[in-house]
There are 2 protein chains.
Amino acid sequence: MLKEIDASKKLKKADFREKHDPLSIRLGELQRACIREEIPTIIIFEGWSASGKASRIGSLIQCLDPRGFEVFTTEKATENERLRPYLWRFWQRTPAKGRIHIFDRSWYRALIRGSDADDAQLANPEDDIKSFEKTLTDSGTLIIKLFLHVTKKEQRKRLISLAGNPETAWRVKQYDWVQNYNYDAKIEQFEEILCESTHETASWTVIEADDRRYADIKVLQTVCDFMKKAVEEKRNRKSEDETISDKSAHLGKTSVLCDVDLSRKLGRDEYAERLKSAQNMLALLHNDMYLKRVPMAIVFEGWDAGGKGGAIRRTVRPLDPRGYKVAPYGAPTGTESSYNYLWRFWREIPKAGHLTVFDRSWYGRVMVERVEGFCSETEWRRAFDEINDFEKQLVDSGIVLVKFWLHISAEEQLRRFNERMNTPSKNWKITDEDWRNREKWNMYLDAVDEMLHKTSTAHAPWTIVEADDKLHARVKVIETVRQELENRFK
Amino acid sequence: MLKEIDASKKLKKADFREKHDPLSIRLGELQRACIREEIPTIIIFEGWSASGKASRIGSLIQCLDPRGFEVFTTEKATENERLRPYLWRFWQRTPAKGRIHIFDRSWYRALIRGSDADDAQLANPEDDIKSFEKTLTDSGTLIIKLFLHVTKKEQRKRLISLAGNPETAWRVKQYDWVQNYNYDAKIEQFEEILCESTHETASWTVIEADDRRYADIKVLQTVCDFMKKAVEEKRNRKSEDETISDKSAHLGKTSVLCDVDLSRKLGRDEYAERLKSAQNMLALLHNDMYLKRVPMAIVFEGWDAGGKGGAIRRTVRPLDPRGYKVAPYGAPTGTESSYNYLWRFWREIPKAGHLTVFDRSWYGRVMVERVEGFCSETEWRRAFDEINDFEKQLVDSGIVLVKFWLHISAEEQLRRFNERMNTPSKNWKITDEDWRNREKWNMYLDAVDEMLHKTSTAHAPWTIVEADDKLHARVKVIETVRQELENRFK
């Protein structure tokens with residue numbers, strides 16, 4: 001791919017002038033079209049050292065409305081970023097609907113620099129990056145990947161010129177000289193990276209960058225072409241969207257939930273004793289987590305009135321409040337809903353040594369959003385894989401992940417709802433929405449069942465908690481958390 | 001204040017039990033009332049080493065709905081935080097309406113640790129902190145400041161016990177032992193800090209903390225009392241709010257804008273030459289900013305169609321896109337409007353070595369929000385001082401701050417509006433709102449005039465740009481920016 005491309009292609013000044021202005025106006029129009037169609041766009045610039053990434057970005061953004069884009073430079077991870085999974089910082093920087101985010105170097109840094117990266121490590125670089133890009137493009141983000149290609153000779157000329165000027169000498173690092181020296185080996189390596197990371201939905205475009213004018217026009221042209229295609233596809237998709245609608249494909253299969261023994265109970269005394277003992281141990285383990293820089297995420301899902309709140313409270317009670325955070329999730333806010341659905345969860349991924357308790361989670365996608373029709377069938381079906389990939393990244397980065405489904409019977413839920421209605425101090429806990437959701441019990445049962453089947457993976461299994469008896473449920477939750485941490489420290 | 005307080009007060013177990021549950025229930029009710037009344041609450045815990053801040057926070061949050069609060073620990077600033085003004089990170093952590101943010105140590109760290117702080121420095125610690133708290137409380141934030149007081153003997157006992165346990169020994173630092181050793185000198189210092197930072201709207205409460213039960217109850221009691229008062233005051237204020245309404249108090253005064261010579265013009269050739277020369281110089285200065293870690297903020301305000309966009313584009317064209325950001329501001333979004341109005345600007349404060357261009361700014365408070373009645377008269381009147389204090393903090397922290405008012409005549413605006421209407425490629429730039437604003441020209445003129453008067457300070461003067469001629473305006477902008485940077489580097 002790279003070796004066959006002539007990086008030294010040139011454009012005359014007159015030709016440049018003739019092509020530039022119409023392209024610039026067209027790009028402005030396309031930017032406004034992307035805003036109207038609510039398409040988020042990512043443009044990444046990778047390439048050789050001194051291939052002119054910053055200058056090309058500088059030319060590109062002259063044609064854009066500054067109210068709609070942002071430029072990000074990717075360097076070595078900061079101390080704060082290094083405490084989290086590699087892709088965390090890029091998730092923070094995904095664009096909202098209609099926005100353009102431009103990256104001077106990107107998540108490919110880990111691949112391109114390889115062992116030189118001196119950065120947070122990716123466990124499975126190719127897979128994780130592919131899954132990251134797929135999740136974004138599937139949900140409508142346009143990703144334009146540009147690789148700036150220069151000849152060995154031109155690169156060398158530029159490095160000498162930069163190094164010779166006292167104003168710019170600081171930009172040239174040892175790494176850059178080595179890259180020029182090893183140009184022929186490097187081109188093989190880049191070739192491989194580009195080939196392996198060219199997918200149907202996010203392919204690379206090589207920009208011949210010896211000549212600045214040629215490169216500027218090709219960048220503009222490429223960005224325009226991709227945006228135009230994205231706008232057209234979005235418009236076509238809108239008209240097709242309403243066709244599929246079979247939400248009950250899983251109905252009739254055997255439910256894992258049928259076999260749950262909801263009669264499990266615990267006496268007051270045994271409860272008090274086991275709770276206390278597990279809490280004491282948990283406090284020590286939490287301290288160890290901090291010292292050994294182990295992060296943990298606990299996900300609580302379950303029926304309304306399933307007892308999530310009480311279980312969470314008892315789990316965190318013994319812990320140092322500086323080392324954990326409870327992150328509760330309801331319906332996404334306006335800001336949140338202009339990003340990919342995983343974005344707001346990435347923001348709360350625990351850093352090394354810390355615990356995040358997710359009070360409801362990304363599983364909303366395959367439960368409430370599915371049942372209530374807040375996302376399309378294509379979207380929630382795709383989510384099973386997306387979630388499995390996402391959790392794999394978390395686990396691979398060292399996070400201890402525990403997921404609880406708090407299960408109660410429909411009868412027990414009714415009893416608790418009524419109790420809430422009739423107890424003034426609990427009255428605020430129950431809303432009309434809870435009653436409406438209850439009417440869809442069977443649809444939810446079906447969704448939950450499919451979810452438990454499809455997202456119980458080797459790296460992140462579900463723990464189903466029999467929760468008709470609150471005492472049994474709380475003890476099971478805390479003892480499971482303790483056990484998982486002990487396994488990690490063994 | 002501290003020395004007269006008996007830190008060793010005790011509470012019997014039975015008394016604790018009797019008091020705790022009613023307080024806990026009341027706190028839950030008050031939290032819900034604060035959500036309804038949209039009151040943001042900050043609770044800060046300061047105090048002696050080993051006075052039990054984390055444990056008291058742990059007890060307090062057991063009584064709160066986890067969906068409504070968050071705990072922050074203040075330690076030495078991270079690398080990212082150190083590149084910005086000291087209070088930047090605390091502005092990031094101010095609560096939205098109805099939320100409770102709890103701080104284990106806070107912005108008082110700089111005062112309490114003094115030269116030990118090893119942190120970003122505050123130029124005027126007392127003044128800046130006071131102004132920070134006043135800005136927040138004036139806009140309705142409740143700030144509860146708790147100081148945990150222990151006796152020398154109890155502190156020593158706790159340090160020995162922590163240090164003696166291998167699980168907790170790492171928590172005890174040299175600083176803590178020194179504090180105990182110098183207890184008598186320290187108590188004088190703390191006394192002074194507490195006295196000087198007790199204001200009418202954000203006073204300190206000392207918590208006697210030798211006895212954990214006593215301390216827990218006093219914390220609960222204090223938080224309840226403050227919240228109750230805040231809820232009542234908010235309810236009362238609502239009924240009073242609609243009384244004042246004289247928006248034109250400044251009318252009739254002489255306008256600085258009358259004397260602006262809008263006939264100033266520049267020929268094409270002189271324009272091209274001066275623009276190019278200033279841009280070249282600016283590119284070098286921008287490089288110097290990066291190397292010398294100097295941050296810069298440029299504020300663009302002006303009439304609709306005053307030429308802000310064109311001036312901004314020409315200012316940033318020569319700059320490395322990795323070193324600047326254009327931050328455009330329109331009406332606040334839902335999320336933004338649940339914070340103090342300055343919050344969204346604090347987020348974009350440039351870090352050392354970087355430039356932020358504010359395309360519209362915090363001055364919206366005293367222009368559009370004033371004229372359109374989006375804030376009360378009390379609020380916009382207060383804003384002049386708040387803005388002056390805010391800008392002083394920026395300048396004191398080392399930021400080069402330049403503020404432009406792009407001034408055009410009403411006739412020129414009309415000409416440009418019509419041009420936009422009649423040119424297809426510019427059509428998107430003009431909206432009905434622009435026409436509506438134009439009808440209020442005189443009200444805006446009055447607001448702008450008062451703004452220029454009251455916020456042209458020695459540390460942050462306005463530059464009025466005669467902008468009927470675009471060429472003159474652009475050159476004046478860029479040459480001013482260049483001049484300000486040169487002054488800094490001289």
# chains A, B, ... in the order shown; residues from 1 in each chain; ligands from 1
>>> interface_residues(of="chain A", to="chain B", cutoff="9 Å", atoms="only C-alpha atoms", output="MDAnalysis selection string")
chainID A and resid 25 29 32 54:55 57:59 61:62 65:73 78:80 104 167:168 170 284 287:288 291 309 313 316:322 324:329 333:335 359 425
>>> residues_around(residues="Asn180 in chain B", least_positions_apart="5", cutoff="9 Å", atoms="only C-alpha atoms", output="list in words")
Trp48, Ser49, Lys152, Lys153, Gln155, Arg156, Leu159, Tyr175 and Lys186 of chain B
>>> write_last_selection(atoms="N, CA, C and O atoms", output="mmCIF file, in the first residue's frame")
data_model
loop_
_atom_site.group_PDB
_atom_site.id
_atom_site.type_symbol
_atom_site.label_atom_id
_atom_site.label_comp_id
_atom_site.auth_asym_id
_atom_site.auth_seq_id
_atom_site.Cartn_x
_atom_site.Cartn_y
_atom_site.Cartn_z
ATOM 1 N N TRP B 48 -7.152 18.899 61.722
ATOM 2 C CA TRP B 48 -5.860 18.333 62.070
ATOM 3 C C TRP B 48 -5.631 17.006 61.342
ATOM 4 O O TRP B 48 -6.584 16.339 60.966
ATOM 5 N N SER B 49 -4.385 16.644 61.202
ATOM 6 C CA SER B 49 -4.064 15.297 60.732
ATOM 7 C C SER B 49 -4.674 14.285 61.714
ATOM 8 O O SER B 49 -4.681 14.531 62.918
ATOM 9 N N LYS B 152 -4.150 17.625 71.386
ATOM 10 C CA LYS B 152 -2.804 17.159 71.074
ATOM 11 C C LYS B 152 -2.615 15.691 71.481
ATOM 12 O O LYS B 152 -2.061 14.876 70.743
ATOM 13 N N LYS B 153 -3.159 15.392 72.649
ATOM 14 C CA LYS B 153 -3.008 14.050 73.192
ATOM 15 C C LYS B 153 -3.697 12.999 72.317
ATOM 16 O O LYS B 153 -3.127 11.953 71.988
ATOM 17 N N GLN B 155 -4.553 13.302 69.193
ATOM 18 C CA GLN B 155 -3.894 13.218 67.887
ATOM 19 C C GLN B 155 -2.687 12.278 67.953
ATOM 20 O O GLN B 155 -2.502 11.399 67.117
ATOM 21 N N ARG B 156 -1.913 12.475 69.022
ATOM 22 C CA ARG B 156 -0.716 11.653 69.193
ATOM 23 C C ARG B 156 -1.082 10.171 69.307
ATOM 24 O O ARG B 156 -0.465 9.306 68.693
ATOM 25 N N LEU B 159 -2.005 8.831 65.881
ATOM 26 C CA LEU B 159 -0.852 8.664 64.985
ATOM 27 C C LEU B 159 -0.069 7.408 65.343
ATOM 28 O O LEU B 159 0.325 6.621 64.479
ATOM 29 N N TYR B 175 4.990 14.934 57.806
ATOM 30 C CA TYR B 175 4.239 16.171 58.061
ATOM 31 C C TYR B 175 3.317 16.029 59.276
ATOM 32 O O TYR B 175 3.160 16.963 60.061
ATOM 33 N N LYS B 186 0.811 25.496 65.703
ATOM 34 C CA LYS B 186 -0.157 25.214 64.642
ATOM 35 C C LYS B 186 -1.544 25.731 65.011
ATOM 36 O O LYS B 186 -2.281 26.244 64.168
#
>>> select_by_dssp(residues="range 204-375 of chain A", states="strand (DSSP E)", output="compact mmCIF listing (two decimals) with C-alpha atoms, in the first residue's frame")
# COMPACT_ATOMS: atom_id res chain seq x y z
CA TRP A 204 -6.97 4.53 5.65
CA THR A 205 -6.22 7.11 3.01
CA VAL A 206 -2.56 7.73 2.27
CA ILE A 207 -1.69 11.39 1.63
CA GLU A 208 1.36 12.01 -0.54
CA MET A 296 -12.42 -2.55 40.64
CA ALA A 297 -15.84 -2.05 39.06
CA ILE A 298 -19.06 -3.48 40.49
CA VAL A 299 -22.20 -3.42 38.36
CA PHE A 300 -25.62 -3.55 40.00
CA GLU A 301 -28.59 -4.41 37.84
CA GLY A 302 -31.92 -5.83 38.92
CA TYR A 324 -14.71 4.57 45.98
CA LYS A 325 -17.48 6.23 44.11
CA VAL A 326 -21.10 5.25 43.51
CA ALA A 327 -22.09 6.25 39.98
CA PRO A 328 -25.87 6.12 39.55
CA LEU A 355 -13.59 1.29 43.08
CA THR A 356 -16.57 2.46 41.04
CA VAL A 357 -19.97 1.03 41.91
CA PHE A 358 -22.29 1.31 38.90
CA ASP A 359 -25.87 1.67 40.12
>>> residues_around(residues="Pro85 in chain A", least_positions_apart="3", cutoff="9 Å", atoms="only C-alpha atoms", output="list in words")
Glu81, Arg82, Trp88, Arg89, Ala120, Gln121, Leu122, Ile349, Lys351, Gln393, Leu394, Asp396, Ser397, Gly398 and Ile399 of chain A
>>> select_by_dssp(residues="range 110-357 of chain B", states="alpha helix (DSSP H)", output="ChimeraX atom specification")
/B:110-113,125-138,152-164,174-181,183-196,212-240,268-292,308-316,343-346
